[in-house]
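Trainee: Contents of model.cif (mmCIF, C-alpha atoms and all ligand atoms) are below:
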data_start
loop_
_atom_site.label_atom_id
_atom_site.label_comp_id
_atom_site.auth_asym_id
_atom_site.auth_seq_id
_atom_site.Cartn_x
_atom_site.Cartn_y
_atom_site.Cartn_z
CA ALA A 174 17.67 139.14 -110.00
CA GLY A 175 18.11 137.44 -113.36
CA MET A 176 19.44 134.27 -111.74
CA THR A 177 17.27 131.18 -112.14
CA ALA A 178 17.86 128.28 -109.77
CA LEU A 179 17.60 124.86 -111.37
CA ASP A 180 15.98 122.16 -109.25
CA TYR A 181 14.94 118.99 -111.08
CA GLY A 182 11.68 117.61 -109.70
CA TYR A 183 11.61 120.42 -107.10
CA GLY A 184 13.66 118.39 -104.61
CA ASN A 185 14.71 121.53 -102.81
CA THR A 186 12.19 124.21 -103.67
CA ALA A 187 9.25 125.29 -101.53
CA SER A 188 6.42 126.48 -103.77
CA CYS A 189 4.20 127.90 -101.05
CA ARG A 190 3.70 128.25 -97.34
CA SER A 191 1.18 125.97 -95.67
CA ALA A 192 -0.25 125.38 -92.20
CA ILE A 193 -1.87 122.02 -92.94
CA THR A 194 0.66 119.19 -92.72
CA TYR A 195 4.09 118.94 -91.14
CA ILE A 196 6.63 116.32 -92.22
CA ASP A 197 10.10 115.74 -90.82
CA GLY A 198 11.51 113.21 -93.25
CA ASP A 199 14.65 112.42 -91.27
CA ALA A 200 12.75 111.75 -88.06
CA GLY A 201 9.79 110.00 -89.68
CA ILE A 202 7.28 112.52 -88.33
CA LEU A 203 3.91 113.30 -89.91
CA ARG A 204 1.32 115.61 -88.35
CA TYR A 205 -1.96 117.01 -89.61
CA ARG A 206 -2.58 120.48 -88.16
CA GLY A 207 -0.10 119.61 -85.41
CA TYR A 208 -1.68 116.28 -84.43
CA PRO A 209 0.59 113.23 -84.80
CA ILE A 210 -0.63 110.75 -87.43
CA GLU A 211 -0.33 107.91 -84.90
CA GLN A 212 -2.90 109.56 -82.61
CA LEU A 213 -5.29 110.39 -85.43
CA ALA A 214 -5.06 106.83 -86.81
CA GLU A 215 -5.91 105.43 -83.40
CA LYS A 216 -8.54 107.87 -82.20
CA SER A 217 -10.04 109.87 -85.05
CA THR A 218 -12.37 109.02 -87.92
CA PHE A 219 -11.92 109.86 -91.58
CA LEU A 220 -14.68 112.48 -91.54
CA GLU A 221 -13.35 114.11 -88.40
CA THR A 222 -9.85 114.16 -89.88
CA SER A 223 -11.26 115.66 -93.09
CA TYR A 224 -12.83 118.43 -91.02
CA LEU A 225 -9.54 118.97 -89.20
CA LEU A 226 -7.57 119.27 -92.44
CA ILE A 227 -10.07 121.56 -94.13
CA TYR A 228 -11.03 123.84 -91.24
CA GLY A 229 -7.87 123.67 -89.15
CA GLU A 230 -9.32 122.48 -85.83
CA LEU A 231 -10.87 119.29 -84.46
CA PRO A 232 -14.65 119.75 -84.57
CA THR A 233 -16.92 119.91 -81.54
CA GLN A 234 -19.68 117.29 -81.52
CA SER A 235 -22.21 119.72 -83.00
CA GLU A 236 -19.76 120.90 -85.68
CA LEU A 237 -19.06 117.30 -86.64
CA ASP A 238 -22.78 116.44 -86.71
CA SER A 239 -23.58 119.37 -88.94
CA PHE A 240 -20.64 118.57 -91.27
CA THR A 241 -21.71 114.91 -91.46
CA ASN A 242 -25.35 115.82 -92.15
CA LYS A 243 -24.39 118.24 -94.90
CA ILE A 244 -22.33 115.54 -96.59
CA ARG A 245 -25.14 113.00 -96.23
CA ARG A 246 -27.51 115.25 -98.12
CA HIS A 247 -25.25 115.38 -101.18
CA THR A 248 -24.30 111.75 -101.82
CA LEU A 249 -26.62 111.26 -104.81
CA LEU A 250 -25.31 111.66 -108.33
CA HIS A 251 -27.43 113.48 -110.87
CA GLU A 252 -29.15 110.87 -113.07
CA ASP A 253 -27.50 112.43 -116.14
CA LEU A 254 -24.08 112.11 -114.55
CA LYS A 255 -24.88 108.46 -113.81
CA ARG A 256 -25.34 107.94 -117.53
CA PHE A 257 -21.72 108.96 -118.12
CA PHE A 258 -20.67 105.57 -116.85
CA ASP A 259 -22.45 103.87 -119.75
CA GLY A 260 -20.15 105.61 -122.19
CA PHE A 261 -16.95 104.08 -120.88
CA PRO A 262 -15.76 100.68 -122.05
CA ARG A 263 -16.49 97.98 -119.53
CA ASP A 264 -12.80 97.35 -118.89
CA ALA A 265 -12.08 101.06 -118.26
CA HIS A 266 -9.65 101.67 -115.43
CA PRO A 267 -11.62 103.30 -112.61
CA MET A 268 -9.09 106.16 -112.12
CA PRO A 269 -9.75 107.94 -115.43
CA VAL A 270 -13.45 107.24 -114.89
CA LEU A 271 -13.15 108.98 -111.52
CA SER A 272 -11.23 111.98 -112.83
CA SER A 273 -13.65 112.39 -115.76
CA ALA A 274 -16.68 112.31 -113.48
CA VAL A 275 -15.09 114.78 -111.05
CA SER A 276 -14.25 117.05 -113.96
CA ALA A 277 -17.88 116.79 -115.13
CA LEU A 278 -19.09 118.08 -111.76
CA SER A 279 -18.15 121.55 -113.07
CA THR A 280 -20.94 121.21 -115.64
CA PHE A 281 -23.59 119.98 -113.20
CA TYR A 282 -22.87 122.45 -110.42
CA GLN A 283 -22.23 125.75 -112.14
CA ASP A 284 -23.66 127.50 -109.08
CA SER A 285 -20.65 126.60 -106.95
CA LEU A 286 -17.66 127.35 -109.16
CA ASP A 287 -16.47 130.79 -108.04
CA PRO A 288 -13.28 130.17 -106.03
CA PHE A 289 -13.61 133.51 -104.22
CA ASP A 290 -17.19 133.02 -103.08
CA GLN A 291 -16.97 131.41 -99.62
CA GLU A 292 -20.43 129.89 -99.81
CA ALA A 293 -19.75 128.41 -103.23
CA VAL A 294 -16.46 126.92 -102.04
CA GLU A 295 -18.25 125.46 -99.03
CA LEU A 296 -20.88 123.89 -101.26
CA SER A 297 -18.31 122.43 -103.68
CA THR A 298 -16.37 121.05 -100.72
CA VAL A 299 -19.42 119.21 -99.42
CA ARG A 300 -20.40 118.05 -102.89
CA LEU A 301 -16.95 116.58 -103.50
CA LEU A 302 -16.70 114.81 -100.15
CA ALA A 303 -20.19 113.37 -100.61
CA LYS A 304 -20.11 112.44 -104.28
CA VAL A 305 -16.60 111.08 -104.81
CA PRO A 306 -17.36 107.89 -102.81
CA THR A 307 -20.51 107.38 -104.92
CA ILE A 308 -18.56 107.95 -108.13
CA ALA A 309 -15.85 105.55 -106.96
CA ALA A 310 -18.39 102.84 -106.16
CA TYR A 311 -20.08 103.27 -109.55
CA ALA A 312 -16.73 103.01 -111.33
CA TYR A 313 -16.36 99.64 -109.62
CA LYS A 314 -19.91 98.50 -110.38
CA LYS A 315 -19.43 99.45 -114.01
CA SER A 316 -16.25 97.36 -114.23
CA VAL A 317 -18.01 94.24 -112.96
CA GLY A 318 -21.23 94.84 -114.87
CA GLN A 319 -23.41 95.07 -111.76
CA PRO A 320 -26.28 97.50 -111.11
CA PHE A 321 -25.63 100.78 -109.32
CA LEU A 322 -27.04 101.28 -105.83
CA TYR A 323 -28.40 104.54 -104.57
CA PRO A 324 -26.62 105.77 -101.46
CA ASP A 325 -28.23 104.84 -98.15
CA ASN A 326 -27.91 107.98 -96.09
CA SER A 327 -28.66 106.25 -92.83
CA LEU A 328 -25.11 104.85 -93.08
CA GLY A 329 -21.77 106.46 -92.33
CA LEU A 330 -19.54 107.54 -95.21
CA VAL A 331 -17.29 104.47 -95.31
CA GLU A 332 -20.12 102.02 -94.71
CA ASN A 333 -22.18 103.66 -97.42
CA PHE A 334 -19.27 103.44 -99.84
CA LEU A 335 -18.76 99.75 -99.05
CA ARG A 336 -22.44 99.02 -99.50
CA MET A 337 -22.57 100.84 -102.86
CA THR A 338 -19.43 98.93 -103.90
CA PHE A 339 -20.17 95.41 -102.71
CA GLY A 340 -23.92 95.41 -102.10
CA PHE A 341 -26.86 94.53 -104.37
CA PRO A 342 -30.13 96.40 -104.79
CA ALA A 343 -32.96 95.15 -102.58
CA GLU A 344 -30.63 92.97 -100.57
CA PRO A 345 -29.58 93.84 -97.05
CA TYR A 346 -25.88 94.56 -96.81
CA GLU A 347 -24.15 93.37 -93.69
CA VAL A 348 -20.72 94.83 -93.25
CA ASP A 349 -18.11 93.64 -90.82
CA PRO A 350 -17.24 96.53 -88.45
CA VAL A 351 -13.58 95.39 -88.52
CA PHE A 352 -13.62 96.06 -92.24
CA VAL A 353 -15.23 99.52 -91.85
CA LYS A 354 -12.80 100.59 -89.14
CA ALA A 355 -9.79 99.31 -91.10
CA LEU A 356 -10.74 101.18 -94.26
CA ASP A 357 -11.54 104.33 -92.27
CA THR A 358 -8.06 104.22 -90.70
CA LEU A 359 -6.39 103.72 -94.08
CA LEU A 360 -8.23 106.75 -95.43
CA ILE A 361 -6.96 108.82 -92.48
CA LEU A 362 -3.40 107.74 -93.26
CA HIS A 363 -3.79 108.91 -96.85
CA ALA A 364 -5.65 112.14 -96.10
CA ASP A 365 -2.81 114.60 -96.66
CA HIS A 366 0.90 114.67 -97.37
CA GLU A 367 1.79 118.30 -98.01
CA GLN A 368 3.29 119.16 -101.43
CA ASN A 369 3.29 115.72 -103.10
CA CYS A 370 2.81 115.44 -106.86
CA SER A 371 -1.00 115.40 -106.90
CA THR A 372 -1.41 118.13 -104.27
CA SER A 373 1.10 120.33 -106.08
CA THR A 374 -0.94 119.69 -109.22
CA VAL A 375 -4.14 120.74 -107.46
CA ARG A 376 -2.37 123.91 -106.33
CA MET A 377 -0.87 124.56 -109.75
CA VAL A 378 -4.22 124.26 -111.50
CA GLY A 379 -5.88 126.21 -108.68
CA SER A 380 -3.32 128.98 -109.03
CA SER A 381 -4.87 129.93 -112.38
CA GLN A 382 -8.10 130.41 -110.39
CA ALA A 383 -9.70 127.36 -111.99
CA ASN A 384 -12.61 126.01 -109.94
CA LEU A 385 -12.38 123.40 -107.20
CA PHE A 386 -13.73 120.49 -109.30
CA ALA A 387 -11.24 121.23 -112.10
CA SER A 388 -8.34 121.41 -109.65
CA ILE A 389 -9.28 118.16 -107.89
CA SER A 390 -9.81 116.25 -111.11
CA ALA A 391 -6.29 117.26 -112.16
CA GLY A 392 -5.08 115.91 -108.81
CA VAL A 393 -6.76 112.57 -109.48
CA ASN A 394 -4.94 112.32 -112.80
CA ALA A 395 -1.60 113.10 -111.17
CA LEU A 396 -2.25 110.44 -108.55
CA PHE A 397 -2.84 107.78 -111.21
CA GLY A 398 0.86 107.46 -112.08
CA PRO A 399 2.74 104.41 -110.73
CA LEU A 400 5.40 106.49 -108.97
CA HIS A 401 2.66 108.17 -106.94
CA GLY A 402 -0.78 106.74 -106.02
CA GLY A 403 -0.58 104.09 -108.71
CA ALA A 404 2.19 102.47 -106.65
CA ASN A 405 -0.30 100.49 -104.55
CA GLN A 406 -1.57 98.70 -107.65
CA ALA A 407 2.01 98.27 -108.88
CA VAL A 408 3.07 96.73 -105.54
CA LEU A 409 0.40 94.08 -105.72
CA GLU A 410 1.26 93.27 -109.32
CA MET A 411 4.91 93.01 -108.28
CA LEU A 412 4.08 90.61 -105.43
CA GLN A 413 2.03 88.47 -107.80
CA ARG A 414 4.89 88.47 -110.26
CA ILE A 415 7.30 87.36 -107.53
CA GLU A 416 4.88 84.59 -106.60
CA ARG A 417 4.36 83.32 -110.14
CA GLU A 418 7.42 84.18 -112.17
CA PHE A 419 10.00 83.98 -109.37
CA GLU A 420 8.23 81.24 -107.38
CA GLY A 421 8.35 83.37 -104.26
CA ASP A 422 12.13 83.86 -104.50
CA VAL A 423 12.55 87.41 -103.16
CA ASP A 424 16.37 87.22 -103.45
CA LYS A 425 16.15 86.73 -107.17
CA PHE A 426 13.75 89.63 -107.54
CA VAL A 427 15.83 92.00 -105.38
CA GLU A 428 18.96 91.17 -107.39
CA ARG A 429 17.08 92.01 -110.55
CA VAL A 430 16.00 95.36 -109.14
CA LYS A 431 19.57 96.16 -108.05
CA ASN A 432 20.97 95.31 -111.46
CA LYS A 433 18.39 97.68 -112.97
CA GLU A 434 17.77 95.00 -115.59
CA ASP A 435 14.56 96.51 -116.75
CA LYS A 436 13.59 100.06 -116.10
CA SER A 437 10.20 99.16 -114.68
CA ALA A 438 11.67 96.78 -112.12
CA ARG A 439 11.91 99.17 -109.23
CA LEU A 440 10.99 97.85 -105.86
CA MET A 441 7.51 99.32 -105.85
CA GLY A 442 6.31 100.60 -102.49
CA PHE A 443 9.89 101.44 -101.52
CA GLY A 444 11.57 104.82 -101.35
CA HIS A 445 10.31 108.31 -100.76
CA ARG A 446 11.46 111.79 -101.69
CA VAL A 447 11.07 113.07 -98.14
CA TYR A 448 11.23 110.11 -95.75
CA LYS A 449 14.82 108.94 -95.41
CA ASN A 450 14.49 106.96 -92.19
CA TYR A 451 11.04 105.41 -92.29
CA ASP A 452 7.53 106.29 -93.43
CA PRO A 453 5.37 106.55 -90.29
CA ARG A 454 2.29 105.61 -92.29
CA ALA A 455 3.91 102.38 -93.47
CA LYS A 456 4.80 101.53 -89.89
CA ILE A 457 1.16 101.81 -88.79
CA ILE A 458 -0.11 99.93 -91.85
CA LYS A 459 2.33 97.06 -91.41
CA GLN A 460 1.21 96.58 -87.82
CA GLN A 461 -2.37 96.58 -89.01
CA ALA A 462 -1.96 94.32 -92.04
CA ASP A 463 -1.46 91.24 -89.93
CA GLU A 464 -4.32 92.09 -87.54
CA ILE A 465 -6.74 93.04 -90.29
CA LEU A 466 -6.07 89.91 -92.31
CA LYS A 467 -6.61 87.81 -89.20
CA GLY A 468 -9.74 89.82 -88.32
CA LEU A 469 -11.14 89.21 -91.81
CA GLY A 470 -10.11 85.56 -91.64
CA VAL A 471 -7.82 85.83 -94.66
CA ASN A 472 -4.55 84.00 -95.11
CA ASP A 473 -2.72 85.52 -98.07
CA PRO A 474 0.64 84.17 -99.26
CA LEU A 475 1.35 87.62 -100.74
CA LEU A 476 1.58 89.06 -97.21
CA ASP A 477 4.33 86.57 -96.48
CA ILE A 478 6.13 87.51 -99.70
CA ALA A 479 5.80 91.20 -98.82
CA MET A 480 7.28 90.66 -95.36
CA ARG A 481 10.20 88.60 -96.69
CA LEU A 482 10.79 91.12 -99.44
CA GLU A 483 10.91 93.98 -96.95
CA GLU A 484 13.28 92.12 -94.65
CA ARG A 485 15.55 91.19 -97.57
CA ALA A 486 15.66 94.73 -98.95
CA LEU A 487 16.27 96.39 -95.59
CA ALA A 488 19.35 94.20 -95.09
CA ASP A 489 20.80 95.05 -98.49
CA ASP A 490 23.48 97.72 -99.01
CA TYR A 491 21.80 98.98 -102.17
CA PHE A 492 18.69 99.98 -100.22
CA ILE A 493 20.62 101.07 -97.10
CA GLU A 494 22.91 103.41 -99.04
CA ARG A 495 20.01 105.01 -100.86
CA LYS A 496 17.89 105.22 -97.71
CA LEU A 497 15.03 103.29 -99.27
CA TYR A 498 12.32 102.10 -96.88
CA PRO A 499 8.80 100.80 -97.36
CA ASN A 500 6.33 103.63 -98.00
CA VAL A 501 2.58 103.92 -97.45
CA ASP A 502 1.84 101.85 -100.54
CA PHE A 503 3.84 98.76 -99.61
CA TYR A 504 1.29 96.97 -97.40
CA THR A 505 -1.99 98.62 -98.36
CA GLY A 506 -2.56 96.42 -101.42
CA VAL A 507 -2.49 93.23 -99.39
CA ILE A 508 -5.14 94.70 -97.09
CA TYR A 509 -7.35 96.01 -99.91
CA ARG A 510 -7.15 92.59 -101.54
CA ALA A 511 -8.23 90.91 -98.32
CA MET A 512 -11.18 93.30 -98.26
CA GLY A 513 -12.20 92.10 -101.72
CA PHE A 514 -11.20 95.11 -103.83
CA PRO A 515 -9.82 94.31 -107.29
CA THR A 516 -6.28 95.61 -107.85
CA ARG A 517 -7.51 98.36 -110.16
CA MET A 518 -9.52 99.95 -107.37
CA PHE A 519 -6.51 100.45 -105.09
CA THR A 520 -5.53 103.86 -106.42
CA VAL A 521 -9.16 104.97 -106.29
CA LEU A 522 -9.07 104.21 -102.55
CA PHE A 523 -5.97 106.39 -102.28
CA ALA A 524 -7.87 109.17 -104.08
CA LEU A 525 -10.82 108.84 -101.67
CA GLY A 526 -8.40 109.25 -98.81
CA ARG A 527 -6.43 112.15 -100.30
CA LEU A 528 -9.53 114.15 -101.27
CA PRO A 529 -9.81 116.21 -98.03
CA GLY A 530 -6.11 117.09 -98.29
CA TRP A 531 -6.51 118.35 -101.85
CA ILE A 532 -9.55 120.39 -100.84
CA ALA A 533 -7.76 121.83 -97.80
CA HIS A 534 -4.81 122.97 -99.94
CA ARG A 535 -7.02 124.48 -102.61
CA ARG A 536 -8.93 126.43 -99.95
CA GLU A 537 -5.82 127.48 -98.08
CA MET A 538 -4.18 128.96 -101.17
CA ILE A 539 -7.23 131.00 -102.14
CA ASN A 540 -7.14 132.76 -98.77
CA ASP A 541 -3.38 133.28 -98.79
CA PRO A 542 -2.36 136.72 -100.11
CA THR A 543 1.07 135.34 -101.11
CA THR A 544 -0.54 133.06 -103.73
CA ARG A 545 0.53 133.79 -107.29
CA ILE A 546 -0.02 131.83 -110.47
CA GLY A 547 2.36 128.85 -110.62
CA ARG A 548 4.84 129.54 -113.33
CA PRO A 549 8.18 127.73 -113.07
CA ARG A 550 11.13 128.90 -115.15
CA GLN A 551 13.34 126.66 -117.29
CA LEU A 552 16.88 126.28 -118.44
CA TYR A 553 16.75 126.61 -122.22
CA VAL A 554 18.93 123.98 -123.93
CA GLY A 555 17.60 124.23 -127.49
CA ALA A 556 19.01 125.66 -130.73
CA THR A 557 20.46 129.16 -130.82
CA LYS A 558 19.07 131.63 -133.35
CA ARG A 559 18.90 130.32 -136.90
CA ASP A 560 17.20 131.50 -140.08
CA TYR A 561 14.11 129.92 -141.57
CA VAL A 562 14.94 127.43 -144.34
CA GLU A 563 12.70 127.28 -147.41
CA MET A 564 11.04 123.88 -148.01
CA SER A 565 12.94 123.43 -151.27
CA ALA A 566 16.26 123.86 -149.47
CA ARG A 567 15.69 121.33 -146.60
N1 LIG B 1 13.60 100.62 -106.07
C1 LIG B 1 14.87 100.62 -106.48
N2 LIG B 1 15.65 101.68 -106.53
C2 LIG B 1 15.11 102.85 -106.16
C3 LIG B 1 13.78 102.95 -105.73
C4 LIG B 1 13.01 101.78 -105.70
N3 LIG B 1 11.73 101.82 -105.30
N4 LIG B 1 13.51 104.24 -105.41
C5 LIG B 1 14.65 104.92 -105.64
N5 LIG B 1 15.62 104.08 -106.08
C6 LIG B 1 16.99 104.45 -106.39
C7 LIG B 1 17.10 105.14 -107.73
O1 LIG B 1 17.28 104.21 -108.77
C8 LIG B 1 18.30 106.04 -107.49
O2 LIG B 1 19.44 105.22 -107.55
P1 LIG B 1 20.75 105.73 -108.35
O3 LIG B 1 21.24 106.90 -107.54
O4 LIG B 1 21.65 104.56 -108.38
O5 LIG B 1 20.26 106.13 -109.71
C9 LIG B 1 18.13 106.47 -106.05
O6 LIG B 1 17.41 105.39 -105.41
C10 LIG B 1 17.37 107.77 -105.85
O7 LIG B 1 16.12 107.65 -106.53
P2 LIG B 1 15.31 108.86 -107.12
O8 LIG B 1 14.44 108.34 -108.22
O9 LIG B 1 16.18 110.03 -107.40
O10 LIG B 1 14.39 109.25 -105.86
P3 LIG B 1 13.16 110.23 -105.90
O11 LIG B 1 13.13 110.93 -104.61
O12 LIG B 1 13.19 111.07 -107.13
O13 LIG B 1 11.90 109.24 -106.06
C11 LIG B 1 10.14 107.77 -105.53
C12 LIG B 1 11.03 108.90 -105.02
C13 LIG B 1 9.07 107.49 -104.47
C14 LIG B 1 9.43 108.21 -106.83
C15 LIG B 1 10.99 106.52 -105.80
O14 LIG B 1 11.58 106.07 -104.60
C16 LIG B 1 10.21 105.38 -106.46
O15 LIG B 1 10.10 105.34 -107.68
N6 LIG B 1 9.64 104.42 -105.66
C17 LIG B 1 8.81 103.38 -106.20
C18 LIG B 1 7.40 103.90 -106.46
C19 LIG B 1 6.64 104.13 -105.18
O16 LIG B 1 6.60 103.28 -104.29
N7 LIG B 1 5.94 105.29 -105.10
C20 LIG B 1 5.10 105.64 -103.93
C21 LIG B 1 5.69 106.78 -103.17
S1 LIG B 1 4.91 107.06 -101.56
C22 LIG B 1 3.24 107.46 -101.82
C23 LIG B 1 2.95 108.34 -102.97
O17 LIG B 1 3.60 109.38 -103.18
O18 LIG B 1 2.02 108.03 -103.68
#
Take the structure in this file and express it as structure tokens.
Mentor:
Amino acid sequence: AGMTALDYGYGNTASCRSAITYIDGDAGILRYRGYPIEQLAEKSTFLETSYLLIYGELPTQSELDSFTNKIRRHTLLHEDLKRFFDGFPRDAHPMPVLSSAVSALSTFYQDSLDPFDQEAVELSTVRLLAKVPTIAAYAYKKSVGQPFLYPDNSLGLVENFLRMTFGFPAEPYEVDPVFVKALDTLLILHADHEQNCSTSTVRMVGSSQANLFASISAGVNALFGPLHGGANQAVLEMLQRIEREFEGDVDKFVERVKNKEDKSARLMGFGHRVYKNYDPRAKIIKQQADEILKGLGVNDPLLDIAMRLEERALADDYFIERKLYPNVDFYTGVIYRAMGFPTRMFTVLFALGRLPGWIAHRREMINDPTTRIGRPRQLYVGATKRDYVEMSAR
């Protein structure tokens, strides 16, 4: 008692117990509810994986059907909430638009805010899963000045999102199934990652017994930062910079990173707090990047730069010594670009994927009797006691 352990950035401190996601960073293992990520990526769907994360078990067919139908019935945004989008500047980044709209859900759905009321939590869960894709699509439409589309509830979640994003009113929207499957798989790979920065934020805010919408909107804001979900946007900007400014010379860029010439010049999409051998998500995504680009008929020089950059870094002592490997964000940007998403939407796609994980953690902690309000201690390094100095004497 009386002793406070100091652990910068919580590198070595568990803040809770959890039965949702298992990571072994040395072995490169990631499992949701015990199921290896490789198997889920190959065989599951995003909605099924969301169910698994939130409820703990894979659904039966009738459980999945009922879950899917519930979500379908809630995809519309209130017309007043739709008007929020008019208030943002046209060049607004879609992440703060997303977090603001999610935060505003607390005002539209005051009937589902009580975190201890199971039915209310259930309703907020469904509302979030259904409405966040609509919000995300509208954030995109707003940024390109195109009209919003109402959801088409005959479509699956991912297809509906793509139609609301890339479709036009009164025009049929044909979507390539390769595209739908690829995005669905990417969402599965992003769906949870135990106590990362945004999930810890969701838990921290939730620990004060704030409602689900408030907790999730805080998570979206945490994800926006370039060291976390914002890394996928930063990776693409880095690859473009290497193409333009460095004329594709990855050596020159890597040397610059190693010399730490400018603070922002990290190798984005590399390194991870937990994975010190490889990131299993990155492994799956790299395999897919090539296939997906071929499937979509896209030939992107940035994919070539990314591959050469990875190869160059992995052979360099600087990266070997520090155990820095490509993470989930390294190859996703190239794929999102091939799908036609502007760079600024990349982190929104991460948020769409991470949503079920955030919800699962928020729900788990409410039912866990060991949950207490998050309240870290500090090491005080400020002034010792001193007496107030009158203005005239300063
Ligand atoms: N490029 C160059 N050097 C790096 C990088 C990098 N990407 N990452 C870490 N290092 C160096 C760092 O400079 C330090 O070196 P030194 O000991 O000489 O000062 C050493 O490696 C340890 O770094 P750290 O910052 O203490 O590591 P961390 O565990 O606190 O940070 C990280 C983890 C992911 C924030 C960091 O690796 C990073 O900034 N990576 C780039 C951003 C990125 O790709 N983020 C996405 C993470 S995965 C998905 C997600 O969470 O959203």
Trainee: Hey, which residues sit close to ligand LIG 1 (chain B)? Say within 7 Å, counting all atoms listed in the file, and write them as a ChimeraX atom specification.
Mentor: /A:369,396,399-404,430-431,439-446,495,497,500-502
Trainee: Using all atoms listed in the file, pick whichever of A:Thr338, A:Thr298, A:Gln283, A:Thr248 has the shortest atom-to-atom distance to A:Tyr228.
Mentor: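 Of all the options, A:Thr298 lies closest to A:Tyr228.
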Trainee: For the atom pair atom CA of A:Gln319 and atom CA of A:Ala524, what is the interatomic distance in Å to one decimal place?
Mentor: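 Taking atom CA of A:Gln319 and atom CA of A:Ala524, their separation equals 22.3 Å.
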Trainee: Please provide the set of residues having any atom within 9 Å of A:Leu475, restricted to only C-alpha atoms, with same-chain residues fewer than 5 positions apart removed, written as a VMD selection string.
Mentor: chain A and resid 409 412 to 413 416 421 480 507
Trainee: For the contact check between stretch 336-386 of chain A and stretch 187-194 of chain A, emit one row per residue of stretch 336-386 of chain A within 10 Å, containing the shortest atom pair and the distance in Å rounded to one decimal, counting only C-alpha atoms, chain then rising number order, as a Markdown table.
Mentor:
| residue | atom | partner | partner_atom | distance |
| --- | --- | --- | --- | --- |
| A:Asp365 | CA | A:Thr194 | CA | 7.0 |
| A:His366 | CA | A:Thr194 | CA | 6.5 |
| A:Glu367 | CA | A:Thr194 | CA | 5.5 |
| A:Gln368 | CA | A:Ser188 | CA | 8.3 |
| A:Ser373 | CA | A:Ser188 | CA | 8.5 |
| A:Arg376 | CA | A:Cys189 | CA | 9.3 |
| A:Met377 | CA | A:Ser188 | CA | 9.6 |
Trainee: Which of these, A:Tyr491, A:Pro499, A:Thr543, A:Leu362, has the shortest distance to A:Asn432 once you count only C-alpha atoms?
Mentor: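 Distance minimum relative to A:Asn432 lands on A:Tyr491.
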Trainee: Extract, using all atoms listed in the file, all DNA, RNA and protein residues at most 9 Å from A:Glu483, discarding same-chain residues fewer than 4 positions from it, and format them as a ChimeraX atom specification.
Mentor: /A:443,478-479,487-488,498-499,503
Trainee: Which value, in Å to one decimal, gives the distance between atom CA of A:Arg246 and atom CA of A:Val521?
Mentor: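 Calculated distance between atom CA of A:Arg246 and atom CA of A:Val521 is 22.6 Å.
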Trainee: Write out as a ChimeraX atom specification the residues lying within 12 Å of A:Thr374, counting all atoms listed in the file and excluding same-chain residues fewer than 4 positions away.
Mentor: /A:188,367-370,378-381,383,387-396,531,534-535,547
Trainee: Output the selection as an mmCIF file, in the frame of the given file - C-alpha atoms for each residue.
Mentor:
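Below you can see part07.cif, which holds the result:
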data_model
loop_
_atom_site.group_PDB
_atom_site.id
_atom_site.type_symbol
_atom_site.label_atom_id
_atom_site.label_comp_id
_atom_site.auth_asym_id
_atom_site.auth_seq_id
_atom_site.Cartn_x
_atom_site.Cartn_y
_atom_site.Cartn_z
ATOM 1 C CA SER A 188 6.420 126.480 -103.770
ATOM 2 C CA GLU A 367 1.790 118.300 -98.010
ATOM 3 C CA GLN A 368 3.290 119.160 -101.430
ATOM 4 C CA ASN A 369 3.290 115.720 -103.100
ATOM 5 C CA CYS A 370 2.810 115.440 -106.860
ATOM 6 C CA VAL A 378 -4.220 124.260 -111.500
ATOM 7 C CA GLY A 379 -5.880 126.210 -108.680
ATOM 8 C CA SER A 380 -3.320 128.980 -109.030
ATOM 9 C CA SER A 381 -4.870 129.930 -112.380
ATOM 10 C CA ALA A 383 -9.700 127.360 -111.990
ATOM 11 C CA ALA A 387 -11.240 121.230 -112.100
ATOM 12 C CA SER A 388 -8.340 121.410 -109.650
ATOM 13 C CA ILE A 389 -9.280 118.160 -107.890
ATOM 14 C CA SER A 390 -9.810 116.250 -111.110
ATOM 15 C CA ALA A 391 -6.290 117.260 -112.160
ATOM 16 C CA GLY A 392 -5.080 115.910 -108.810
ATOM 17 C CA VAL A 393 -6.760 112.570 -109.480
ATOM 18 C CA ASN A 394 -4.940 112.320 -112.800
ATOM 19 C CA ALA A 395 -1.600 113.100 -111.170
ATOM 20 C CA LEU A 396 -2.250 110.440 -108.550
ATOM 21 C CA TRP A 531 -6.510 118.350 -101.850
ATOM 22 C CA HIS A 534 -4.810 122.970 -99.940
ATOM 23 C CA ARG A 535 -7.020 124.480 -102.610
ATOM 24 C CA GLY A 547 2.360 128.850 -110.620
#
Trainee: Using only C-alpha atoms for the distances, tell me which of A:Leu466, A:Asp452, A:Met512, A:Thr557 is nearest to A:Glu211.
Mentor: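 The shortest atom-to-atom distance to A:Glu211 comes from A:Asp452.
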Trainee: Could you tell me which of A:Tyr313, A:Phe334, A:Phe281, A:Tyr448 comes closest to A:Phe386 if we count all atoms listed in the file?
Mentor: A:Phe281
Trainee: Enter the distance from atom CA of A:Pro549 to atom CA of A:Glu537, in Å, rounded to one decimal.
Mentor: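 Between atom CA of A:Pro549 and atom CA of A:Glu537 the gap is 20.5 Å.
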Trainee: So, with all atoms listed in the file as the atoms that count, which of A:Leu525, A:Ile361, A:Ala343, A:Ala438 lies closest to A:Thr222?
Mentor: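 Closest residue, counting all atoms listed in the file: A:Ile361.
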